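Asks: I have a structure here, written as structure tokens, and I will follow up with some questions on it.
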Amino acid sequence: MKFTLRVWRQDNQFDKGRLVMYVVDDISPDMSFLEMLDVLNERLIKDGEEPIAFDHDCREGICGMCGLMINGNAHGPNKLTTTCQLHMRSFSENEAITIEPWRAKPFPVIKDLVVDRSSFDRIIESGGYISAPTGSAPDAHAVPVSKADADNAFEAAACIGCGACVAACPNGSGMLFTAAKTTHLGLLPQGQPERLTRALDMVETHDDLGFGGCTNSGECTAVCPKGIPLEAIGRLNRDVLKAATKLPARH
Amino acid sequence: MYTEGAPIVDGKRPDGPLDERWEKRRFSARLVNPANKRKMTVIVVGTGLAGGSAAATLAELGYNVLSFCYQDSPRRAHSIAAQGGINAAKNYRNDGDSVFRLFYDTIKGGDFRARESNVHRLAEVSVEIIDQCVAQGVPFAREYGGLLDTRSFGGAQVSRTFYARGQTGQQLLLGAYQALARQINAGRVKMHPRTEMLDLIVDDGRARGIVARDLVTGDIETYTADAVVLATGGYGNTFYLSTNAKGSNATAIWRAHKRGALFANPCYTQIHPTCIPVSGAHQSKLTLMSESLRNDGRVWVPKAPKDNRAPHMIPEDERDYYLERMYPSFGNLVPRDIASRAAKNICDTGHGVGPGGLGVYLDFSDAIERLGRDAVEAKYGNLFEMYAQITGENPYKVPMRIYPAVHYTMGGLWVDYDLQSTIPGLFVIGEANFSDHGANRLGASALMQGLADGYFILPNTIGDYLADGPFPPVSQQAITSVEQEVVDRVVRILAVDGDRSPDDIHRELGQLMWDYCGMERSEEGLRKALEAIPALRKEFWQRVRVLGTGDGLNQSLEKAGRVADFIDLAELMVIDALHRTESCGGHFRAESQTEDGEALRDDENFSYVAAWEYGPQQPVLHREELLFENVTPSQRSYK
Ligand SMILES: Cc1cc2nc3c(=O)[nH]c(=O)nc-3n(C[C@H](O)[C@H](O)[C@H](O)COP(=O)(O)OP(=O)(O)OC[C@H]3O[C@@H](n4cnc5c(N)ncnc54)[C@H](O)[C@@H]3O)c2cc1C
Ligand code: SF4
Ligand code: FES
């Protein structure tokens, strides 16, 4: 197969960046999108041009490291699919493909298609956990958890932290990511004691980091490779409201 | 090829009854008083199950922790990709499981090439892991009554594998990551993502720090501490194609090896039978399909070699269900190493299917007929989807094609019972060490080992070492000399300016290792590899091409450094494989097989751990005898 690519190239954080055109042919429909970029990179190295930097690691759709804007769609045209799981058979012969990094204020570009998503880690650090120091745990069967709660918690916990939700959101909001974590922990009995402070702390951090607010446009869940539902955000908002009435005022 | 060194003993090996040894060691290990803990720093390289859990727990204990990973976030360590589950001897099912049974299964599964004491401790600690993870909010699968569900896995006759759908590794890792995040927030852990360890600082005979490259700025930085823990995972990517993450590498353990840490059993590699076959020369990694598929899928190839007909055009009596034929009692459920080798042999004789004849069918049509499509979908739906996504074929209609792929490395840095390497102050945990799986790892036991090491074992044993600390400041000379070596090496790689990309050379190394040091190894093949590897090393240093500079993000440069270390490690793997003329577990020597082609162990001559010391000319072999006081090594049989 043959494609005309327009790829975002940016030397570093300070560089303005630009789209550069490359034509690739000899692309097998069985190649993954990233393998197609590998092929291009091998050629660039041969030609003496620096290869295109992009993030990836597991190439199995689970680590959350990959993520590209492909023709304006986060992770490309297919639903519930990460960039690394996308294959070239999903494109048509001679298609023009524009490849850009995630664009969002809290995700500055480091180089080419690589962005800095460490703000996600800051959100988790501010409360996305259950305080259970090693050694302090009771027997695993001490607290039964209903299958429905366990399954729903699992669905939310499946978030891979890729950042597509933020990239797709017109406001650059990270609420789907934040809500996935509060929902996971908030549905489990072990997560109850810290539930309200967790919600409050994480949302506060989210806002402080420059993520935008949620206006329910739903673009996030549409691109989410793990299908995290919009209801998670509703659940988080309810916890935040509850926290505002139940917890002592903060400064 | 190598020289003989003095035998080694595990100086920390406790004695007495097997089930009292860990208790005894915990009691004899010295404690560190809380005020002193605050004065000490521990470096933990790696944030997978082993490193993430260790860093969090050490910080909870009061140490200052510096944590490192090469990904942009500690949550992305390769442990995230583990699918099937984690073993624990909870015996919640009352089906006859016990600590001793888990111990026995693991030791036998490892083909009697692991230490009894270590494996028993692992089985003991397994039960605490599940408790800890549940308390952290890991959403394990549950039954309607609200209790934890389990399944059976990889040959075991009891149901002791806890799981979170097909994403157990992800959920366990997020548990460890969240515990780590809590300590980062508390200021007890300083996290360094996108930072790659490139060397170890040893001063006055002790491991005292690391030299690392900030992958974003390109700066070469030094970090010092009272002890260093390596939790950097396995080295399966030596083969280029494997189920490991693209960035998984051997650099940290290889550099430590060059600084004096012995490397144990480097040739023990696990090749997993059910992976999606290579689809072309562009292939960049291989994807594992859970082993559970073999419960309902039937493996077959056409009886006639080079039969190109579509599978449904091949009538029943022209198919060879070779596993069922060769192993009537275990059939499609023989252990990993046996299934892998059978697939290779059948393809080598021209019966393979798909591109290049490197694949066998895994056929669900009988299961679909017997159970109905819905039942099959309920059990394996997500795996079928993944297969369809990657291959573009519908496995409900066309049999899957599978082929073995490199998956896990049992070898690693040698550690004593305290998980300390031969360099004092350097501890090694998780897949990076060699300790618990012998010559073959059982399914669902790597996650168990990583978390056992990180949550429960290392935090207890490291105290005995740190009881002598805090140690005096590290000499400036020790720091700058290693730093300079690292800087020089980066400059040297950039200066080659040849015509081959790092990936290109890596692929060649991988092919060579797969052909000569893969599923079946022979004296002749290994000798060929031993000639080819030094030539490839030369090729690398003359022809590698890394564009750009070292002053910022440069992924080619990262790869090149890793490939150079893989080449060196590959040579040691081959030497180890050549010296071990027996077959055991994942190490199959063509010269050592039974009449019907099964692996033939040689306990008389090889019941030892091969621990290799780095030598600039030749490695030095140190043997650690394995003692079996509680089990009797037997020949495995799955007929
Ligand atoms: C596809 C797949 C499925 C699996 N399924 C199962 C299963 O179901 N059950 C089971 O028990 N096991 C399974 N395994 C095996 C298991 O996942 C691994 O053995 C285990 O997770 C390894 O954990 P670890 O903590 O030792 O290392 P890893 O998780 O590999 O972590 C390594 C860490 O070290 C860091 N690192 C590496 N090198 C450097 C460096 N030079 N500098 C800085 N940081 C570095 C990385 O950033 C990472 O944080 C599976 C493996 C694969 C590949
Ligand atoms: S919510 Fe979905 S899109 Fe957002 S980070 Fe998680 S997995 Fe990615
Ligand atoms: S590379 Fe891991 S999710 Fe895509």
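Letters A, B, ... go to the chains of the structure tokens in the order shown; residues in each chain start at 1; ligands are counted from 1 in the same order.
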Write out as JSON, numbers by chain each polymer residue (protein, DNA or RNA) that has an atom no more than 7 Å from ligand 3, with only C-alpha atoms and all ligand atoms counted.
Replies: {"A": [56, 57, 58, 59, 60, 61, 62, 63, 64, 65, 66, 67, 82, 83, 84, 85]}
Asks: Determine, counting only C-alpha atoms, which protein, DNA and RNA residues have an atom within 7 Å of an atom of B:Val99; residues of the same chain fewer than 2 positions away are not included. Present the result as a PyMOL selection string.
Replies: chain B and resi 89+101-103+123-124
Asks: If we count only C-alpha atoms and set the cut-off at 10 Å, which residues sit around B:Asp204, ignoring sequence neighbours fewer than 2 positions away in its own chain? Please answer as a list in words.
Replies: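 After dropping sequence-adjacent residues, the list is Val202, Arg206, Ala207, Arg208, Pro424, Val474, Ser475 and Ala478 of chain B.
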Asks: List the spatial neighbours of B:Glu524 as a list in words - criterion: any atom at most 12 Å away, only C-alpha atoms, same-chain residues fewer than 5 positions off excluded.
Replies: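 Near B:Glu524, the qualifying residues are Asp515, Tyr516, Cys517, Ala529, Leu530, Glu531, Val574, Ala577, Leu578, Arg589, Ala590 and Glu591 of chain B.
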Asks: Do a neighbour search on B:Thr222 at 10 Å with only C-alpha atoms, toss out local chain neighbours closer than 5 positions, and write the hits as a list in words.
Replies: Met197, Asp199, Leu200, Ile201, Gly209, Ile210, Val211, Ala212, Arg213, Ile479, Thr480, Val482 and Glu483 of chain B
Asks: Could those residues be written to a file, using all heavy atoms, as a compact mmCIF listing (two decimals), in the first residue's frame?
Replies:
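The result, written out as selection_13.txt:
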# COMPACT_ATOMS: atom_id res chain seq x y z
N MET B 197 19.14 4.02 33.59
CA MET B 197 20.40 3.68 34.25
C MET B 197 21.36 3.13 33.22
O MET B 197 21.04 2.23 32.47
CB MET B 197 20.15 2.62 35.32
CG MET B 197 21.43 1.98 35.81
SD MET B 197 21.12 0.79 37.11
CE MET B 197 22.75 0.02 37.22
N ASP B 199 24.93 2.79 34.22
CA ASP B 199 26.05 2.12 34.90
C ASP B 199 25.85 2.15 36.41
O ASP B 199 24.99 2.86 36.92
CB ASP B 199 27.40 2.75 34.51
CG ASP B 199 28.49 1.67 34.39
OD1 ASP B 199 28.42 0.67 35.13
OD2 ASP B 199 29.39 1.85 33.56
N LEU B 200 26.70 1.35 37.06
CA LEU B 200 26.62 1.21 38.51
C LEU B 200 27.87 1.82 39.14
O LEU B 200 28.98 1.63 38.62
CB LEU B 200 26.54 -0.29 38.85
CG LEU B 200 26.44 -0.66 40.32
CD1 LEU B 200 25.02 -0.35 40.84
CD2 LEU B 200 26.75 -2.14 40.52
N ILE B 201 27.69 2.52 40.23
CA ILE B 201 28.85 3.08 40.93
C ILE B 201 29.19 2.17 42.11
O ILE B 201 28.35 1.93 42.98
CB ILE B 201 28.55 4.51 41.43
CG1 ILE B 201 28.26 5.43 40.24
CG2 ILE B 201 29.72 5.03 42.26
CD1 ILE B 201 27.75 6.81 40.66
N GLY B 209 25.68 3.62 43.97
CA GLY B 209 24.93 4.58 43.17
C GLY B 209 24.84 4.16 41.72
O GLY B 209 25.28 3.07 41.34
N ILE B 210 24.24 5.03 40.94
CA ILE B 210 24.10 4.74 39.51
C ILE B 210 24.43 5.98 38.69
O ILE B 210 24.36 7.11 39.18
CB ILE B 210 22.67 4.27 39.14
CG1 ILE B 210 21.64 5.37 39.41
CG2 ILE B 210 22.28 3.01 39.90
CD1 ILE B 210 20.26 5.09 38.82
N VAL B 211 24.78 5.72 37.44
CA VAL B 211 24.89 6.80 36.46
C VAL B 211 23.73 6.60 35.50
O VAL B 211 23.48 5.48 35.05
CB VAL B 211 26.23 6.75 35.70
CG1 VAL B 211 26.29 7.86 34.66
CG2 VAL B 211 27.39 6.85 36.67
N ALA B 212 22.99 7.66 35.24
CA ALA B 212 21.79 7.53 34.41
C ALA B 212 21.74 8.66 33.40
O ALA B 212 22.39 9.70 33.57
CB ALA B 212 20.55 7.56 35.30
N ARG B 213 20.97 8.43 32.35
CA ARG B 213 20.79 9.48 31.35
C ARG B 213 19.35 9.96 31.43
O ARG B 213 18.42 9.15 31.38
CB ARG B 213 21.11 8.93 29.97
CG ARG B 213 21.01 9.97 28.86
CD ARG B 213 21.67 9.49 27.56
NE ARG B 213 21.45 10.49 26.52
CZ ARG B 213 20.40 10.50 25.71
NH1 ARG B 213 19.48 9.55 25.79
NH2 ARG B 213 20.24 11.46 24.81
N ILE B 479 32.80 8.26 41.60
CA ILE B 479 31.66 8.75 40.82
C ILE B 479 32.10 9.23 39.45
O ILE B 479 31.56 8.82 38.43
CB ILE B 479 30.96 9.91 41.58
CG1 ILE B 479 30.46 9.44 42.95
CG2 ILE B 479 29.82 10.49 40.75
CD1 ILE B 479 29.89 10.52 43.83
N THR B 480 33.11 10.09 39.44
CA THR B 480 33.47 10.70 38.15
C THR B 480 34.07 9.71 37.16
O THR B 480 33.88 9.86 35.97
CB THR B 480 34.43 11.90 38.32
OG1 THR B 480 35.37 11.58 39.33
CG2 THR B 480 33.70 13.15 38.67
N VAL B 482 33.17 6.56 36.67
CA VAL B 482 32.08 5.85 35.98
C VAL B 482 31.33 6.82 35.08
O VAL B 482 30.98 6.51 33.94
CB VAL B 482 31.11 5.23 37.00
CG1 VAL B 482 30.03 4.44 36.27
CG2 VAL B 482 31.84 4.33 37.97
N GLU B 483 31.10 8.01 35.58
CA GLU B 483 30.39 9.01 34.79
C GLU B 483 31.13 9.26 33.48
O GLU B 483 30.52 9.29 32.40
CB GLU B 483 30.31 10.31 35.61
CG GLU B 483 29.47 11.37 34.95
CD GLU B 483 29.48 12.68 35.76
OE1 GLU B 483 30.24 12.78 36.76
OE2 GLU B 483 28.74 13.59 35.38
Asks: Applying 10 Å and only C-alpha atoms, which residues near A:Ala148 remain after dropping the ones on its own chain fewer than 6 positions away? List them as a VMD selection string.
Replies: (chain A and resid 154 187) or (chain B and resid 142 to 144 146)
Asks: Only all heavy atoms, please: the residues just picked out, written as a compact mmCIF listing (two decimals), in the first residue's frame.
Replies:
# COMPACT_ATOMS: atom_id res chain seq x y z
N PHE A 154 -13.65 -2.77 38.12
CA PHE A 154 -12.67 -3.22 37.13
C PHE A 154 -12.78 -2.43 35.83
O PHE A 154 -11.77 -1.98 35.27
CB PHE A 154 -12.82 -4.71 36.85
CG PHE A 154 -11.91 -5.19 35.75
CD1 PHE A 154 -10.62 -5.60 36.04
CD2 PHE A 154 -12.31 -5.16 34.43
CE1 PHE A 154 -9.76 -5.98 35.03
CE2 PHE A 154 -11.46 -5.53 33.41
CZ PHE A 154 -10.17 -5.96 33.71
N LEU A 187 -15.92 2.54 44.27
CA LEU A 187 -16.92 1.46 44.24
C LEU A 187 -16.56 0.32 45.18
O LEU A 187 -17.37 -0.56 45.42
CB LEU A 187 -17.03 0.90 42.81
CG LEU A 187 -17.89 1.73 41.84
CD1 LEU A 187 -17.73 1.21 40.41
CD2 LEU A 187 -19.35 1.68 42.26
N ARG B 142 -14.48 -11.75 41.01
CA ARG B 142 -15.20 -12.28 42.18
C ARG B 142 -16.36 -13.15 41.75
O ARG B 142 -16.85 -13.04 40.63
CB ARG B 142 -15.69 -11.14 43.07
CG ARG B 142 -14.52 -10.42 43.71
CD ARG B 142 -14.93 -9.52 44.84
NE ARG B 142 -13.72 -8.90 45.37
CZ ARG B 142 -13.21 -9.19 46.57
NH1 ARG B 142 -13.82 -10.05 47.36
NH2 ARG B 142 -12.11 -8.60 46.98
N GLU B 143 -16.82 -13.95 42.68
CA GLU B 143 -18.00 -14.76 42.43
C GLU B 143 -19.22 -14.04 42.96
O GLU B 143 -19.10 -13.02 43.63
CB GLU B 143 -17.83 -16.11 43.12
CG GLU B 143 -16.68 -16.86 42.51
CD GLU B 143 -16.47 -18.20 43.15
OE1 GLU B 143 -16.73 -18.31 44.37
OE2 GLU B 143 -16.06 -19.12 42.43
N TYR B 144 -20.40 -14.60 42.68
CA TYR B 144 -21.62 -13.90 43.09
C TYR B 144 -21.71 -13.71 44.60
O TYR B 144 -22.29 -12.76 45.08
CB TYR B 144 -22.85 -14.59 42.52
CG TYR B 144 -22.97 -14.30 41.04
CD1 TYR B 144 -22.54 -15.21 40.09
CD2 TYR B 144 -23.41 -13.05 40.62
CE1 TYR B 144 -22.58 -14.90 38.74
CE2 TYR B 144 -23.46 -12.73 39.27
CZ TYR B 144 -23.04 -13.66 38.33
OH TYR B 144 -23.08 -13.34 37.01
N GLY B 146 -19.47 -12.74 46.42
CA GLY B 146 -18.59 -11.65 46.84
C GLY B 146 -17.17 -12.08 47.16
O GLY B 146 -16.32 -11.26 47.50
Asks: Kindly provide, as a ChimeraX atom specification, the residues of chain B having any atom no farther than 6 Å from an atom of chain A, counting only C-alpha atoms.
Replies: /B:76,131-132,134-136,139,142-144,146-147,178,181-182,185,245-247,547
Asks: Restricting it to all heavy atoms, dump the selection as a compact mmCIF listing (two decimals), in the first residue's frame.
Replies:
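Ended up saving to result-v5.txt:
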# COMPACT_ATOMS: atom_id res chain seq x y z
N ARG B 76 3.76 2.42 33.61
CA ARG B 76 3.81 1.74 32.33
C ARG B 76 4.81 0.60 32.27
O ARG B 76 5.04 0.04 31.19
CB ARG B 76 4.11 2.75 31.22
CG ARG B 76 3.16 3.92 31.18
CD ARG B 76 3.13 4.60 29.85
NE ARG B 76 2.67 5.97 29.93
CZ ARG B 76 1.40 6.33 30.09
NH1 ARG B 76 0.47 5.41 30.20
NH2 ARG B 76 1.07 7.61 30.14
N ASP B 131 -3.80 -10.70 49.99
CA ASP B 131 -4.39 -9.83 51.02
C ASP B 131 -4.00 -8.37 50.76
O ASP B 131 -4.83 -7.47 50.78
CB ASP B 131 -3.89 -10.22 52.42
CG ASP B 131 -4.25 -11.65 52.79
OD1 ASP B 131 -5.16 -12.22 52.15
OD2 ASP B 131 -3.61 -12.20 53.72
N GLN B 132 -2.71 -8.17 50.53
CA GLN B 132 -2.20 -6.81 50.33
C GLN B 132 -2.87 -6.15 49.12
O GLN B 132 -3.30 -5.00 49.19
CB GLN B 132 -0.67 -6.86 50.13
CG GLN B 132 -0.01 -5.53 49.95
CD GLN B 132 -0.22 -4.60 51.14
OE1 GLN B 132 -0.29 -5.05 52.28
NE2 GLN B 132 -0.36 -3.32 50.88
N VAL B 134 -5.72 -6.86 47.63
CA VAL B 134 -7.14 -6.58 47.84
C VAL B 134 -7.30 -5.31 48.68
O VAL B 134 -8.13 -4.45 48.39
CB VAL B 134 -7.84 -7.79 48.51
CG1 VAL B 134 -9.21 -7.40 49.04
CG2 VAL B 134 -7.97 -8.92 47.50
N ALA B 135 -6.46 -5.17 49.70
CA ALA B 135 -6.55 -3.98 50.55
C ALA B 135 -6.28 -2.70 49.75
O ALA B 135 -6.83 -1.64 50.04
CB ALA B 135 -5.58 -4.09 51.72
N GLN B 136 -5.45 -2.82 48.73
CA GLN B 136 -5.13 -1.64 47.89
C GLN B 136 -6.22 -1.33 46.89
O GLN B 136 -6.15 -0.33 46.20
CB GLN B 136 -3.87 -1.93 47.06
CG GLN B 136 -2.60 -2.00 47.84
CD GLN B 136 -1.50 -2.52 46.94
OE1 GLN B 136 -1.75 -3.11 45.89
NE2 GLN B 136 -0.26 -2.30 47.35
N PRO B 139 -9.03 -4.86 41.71
CA PRO B 139 -10.34 -5.46 41.45
C PRO B 139 -10.25 -6.87 40.85
O PRO B 139 -10.55 -7.08 39.69
CB PRO B 139 -10.98 -4.48 40.46
CG PRO B 139 -9.83 -3.87 39.73
CD PRO B 139 -8.64 -3.89 40.66
N ARG B 142 -14.48 -11.75 41.01
CA ARG B 142 -15.20 -12.28 42.18
C ARG B 142 -16.36 -13.15 41.75
O ARG B 142 -16.85 -13.04 40.63
CB ARG B 142 -15.69 -11.14 43.07
CG ARG B 142 -14.52 -10.42 43.71
CD ARG B 142 -14.93 -9.52 44.84
NE ARG B 142 -13.72 -8.90 45.37
CZ ARG B 142 -13.21 -9.19 46.57
NH1 ARG B 142 -13.82 -10.05 47.36
NH2 ARG B 142 -12.11 -8.60 46.98
N GLU B 143 -16.82 -13.95 42.68
CA GLU B 143 -18.00 -14.76 42.43
C GLU B 143 -19.22 -14.04 42.96
O GLU B 143 -19.10 -13.02 43.63
CB GLU B 143 -17.83 -16.11 43.12
CG GLU B 143 -16.68 -16.86 42.51
CD GLU B 143 -16.47 -18.20 43.15
OE1 GLU B 143 -16.73 -18.31 44.37
OE2 GLU B 143 -16.06 -19.12 42.43
N TYR B 144 -20.40 -14.60 42.68
CA TYR B 144 -21.62 -13.90 43.09
C TYR B 144 -21.71 -13.71 44.60
O TYR B 144 -22.29 -12.76 45.08
CB TYR B 144 -22.85 -14.59 42.52
CG TYR B 144 -22.97 -14.30 41.04
CD1 TYR B 144 -22.54 -15.21 40.09
CD2 TYR B 144 -23.41 -13.05 40.62
CE1 TYR B 144 -22.58 -14.90 38.74
CE2 TYR B 144 -23.46 -12.73 39.27
CZ TYR B 144 -23.04 -13.66 38.33
OH TYR B 144 -23.08 -13.34 37.01
N GLY B 146 -19.47 -12.74 46.42
CA GLY B 146 -18.59 -11.65 46.84
C GLY B 146 -17.17 -12.08 47.16
O GLY B 146 -16.32 -11.26 47.50
N LEU B 147 -16.92 -13.39 47.07
CA LEU B 147 -15.58 -13.87 47.36
C LEU B 147 -14.75 -13.96 46.08
O LEU B 147 -15.28 -13.92 44.98
CB LEU B 147 -15.65 -15.23 48.06
CG LEU B 147 -16.43 -15.21 49.38
CD1 LEU B 147 -16.50 -16.59 49.99
CD2 LEU B 147 -15.81 -14.21 50.37
N GLN B 178 0.02 2.91 42.65
CA GLN B 178 -0.71 3.83 43.53
C GLN B 178 -0.06 3.91 44.91
O GLN B 178 0.03 5.00 45.50
CB GLN B 178 -2.18 3.40 43.62
CG GLN B 178 -2.91 3.75 42.32
CD GLN B 178 -4.22 3.01 42.09
OE1 GLN B 178 -4.63 2.85 40.96
NE2 GLN B 178 -4.85 2.56 43.16
N ALA B 181 2.75 6.15 44.33
CA ALA B 181 2.30 7.54 44.17
C ALA B 181 2.04 8.17 45.54
O ALA B 181 2.35 9.34 45.77
CB ALA B 181 1.02 7.59 43.33
N ARG B 182 1.51 7.36 46.44
CA ARG B 182 1.22 7.88 47.77
C ARG B 182 2.52 8.30 48.46
O ARG B 182 2.59 9.33 49.14
CB ARG B 182 0.50 6.78 48.57
CG ARG B 182 0.15 7.14 49.97
CD ARG B 182 -0.80 6.12 50.58
NE ARG B 182 -0.79 6.25 52.02
CZ ARG B 182 -0.16 5.41 52.84
NH1 ARG B 182 0.45 4.36 52.37
NH2 ARG B 182 -0.17 5.63 54.14
N ASN B 185 3.91 11.47 46.91
CA ASN B 185 3.17 12.60 47.45
C ASN B 185 3.64 12.96 48.86
O ASN B 185 3.71 14.13 49.24
CB ASN B 185 1.67 12.27 47.47
CG ASN B 185 0.82 13.50 47.66
OD1 ASN B 185 1.07 14.51 47.04
ND2 ASN B 185 -0.15 13.41 48.55
N ALA B 245 7.95 -5.78 26.16
CA ALA B 245 7.75 -4.42 25.66
C ALA B 245 8.98 -4.03 24.85
O ALA B 245 10.08 -4.54 25.07
CB ALA B 245 7.55 -3.46 26.82
N LYS B 246 8.79 -3.08 23.93
CA LYS B 246 9.88 -2.70 23.04
C LYS B 246 11.10 -2.19 23.80
O LYS B 246 12.22 -2.38 23.39
CB LYS B 246 9.40 -1.64 22.05
CG LYS B 246 8.45 -2.14 21.00
CD LYS B 246 9.10 -3.12 20.05
CE LYS B 246 10.03 -2.44 19.05
NZ LYS B 246 10.74 -3.46 18.24
N GLY B 247 10.86 -1.51 24.90
CA GLY B 247 11.99 -0.90 25.61
C GLY B 247 12.65 -1.82 26.61
O GLY B 247 13.69 -1.47 27.17
N LEU B 547 21.80 9.09 14.32
CA LEU B 547 21.80 10.49 13.90
C LEU B 547 21.46 11.39 15.10
O LEU B 547 21.04 10.91 16.13
CB LEU B 547 20.77 10.69 12.79
CG LEU B 547 21.08 9.86 11.53
CD1 LEU B 547 19.87 9.79 10.63
CD2 LEU B 547 22.27 10.44 10.79
Asks: Which one of B:Leu557, B:Met191, B:Ser607, B:Thr461 sits closest to B:Leu627 if you count only C-alpha atoms?
Replies: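 Checking each of B:Leu557, B:Met191, B:Ser607, B:Thr461 against B:Leu627, counting only C-alpha atoms, the winner is B:Ser607.
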Asks: Can I get the residues close to ligand 2 as JSON, numbers by chain, where close means within 6 Å and we count only C-alpha atoms and all ligand atoms?
Replies: {"A": [159, 160, 161, 162, 163, 164, 165, 176, 177, 224, 225, 226, 228]}
Asks: Within 6 Å of ligand 1, which residues show up when you count only C-alpha atoms and all ligand atoms? List them as a ChimeraX atom specification, please.
Replies: /B:45-51,68-71,74,77-79,81-86,195-198,231-233,243-244,248-249,251-252,288,407,430-432,443-448,450
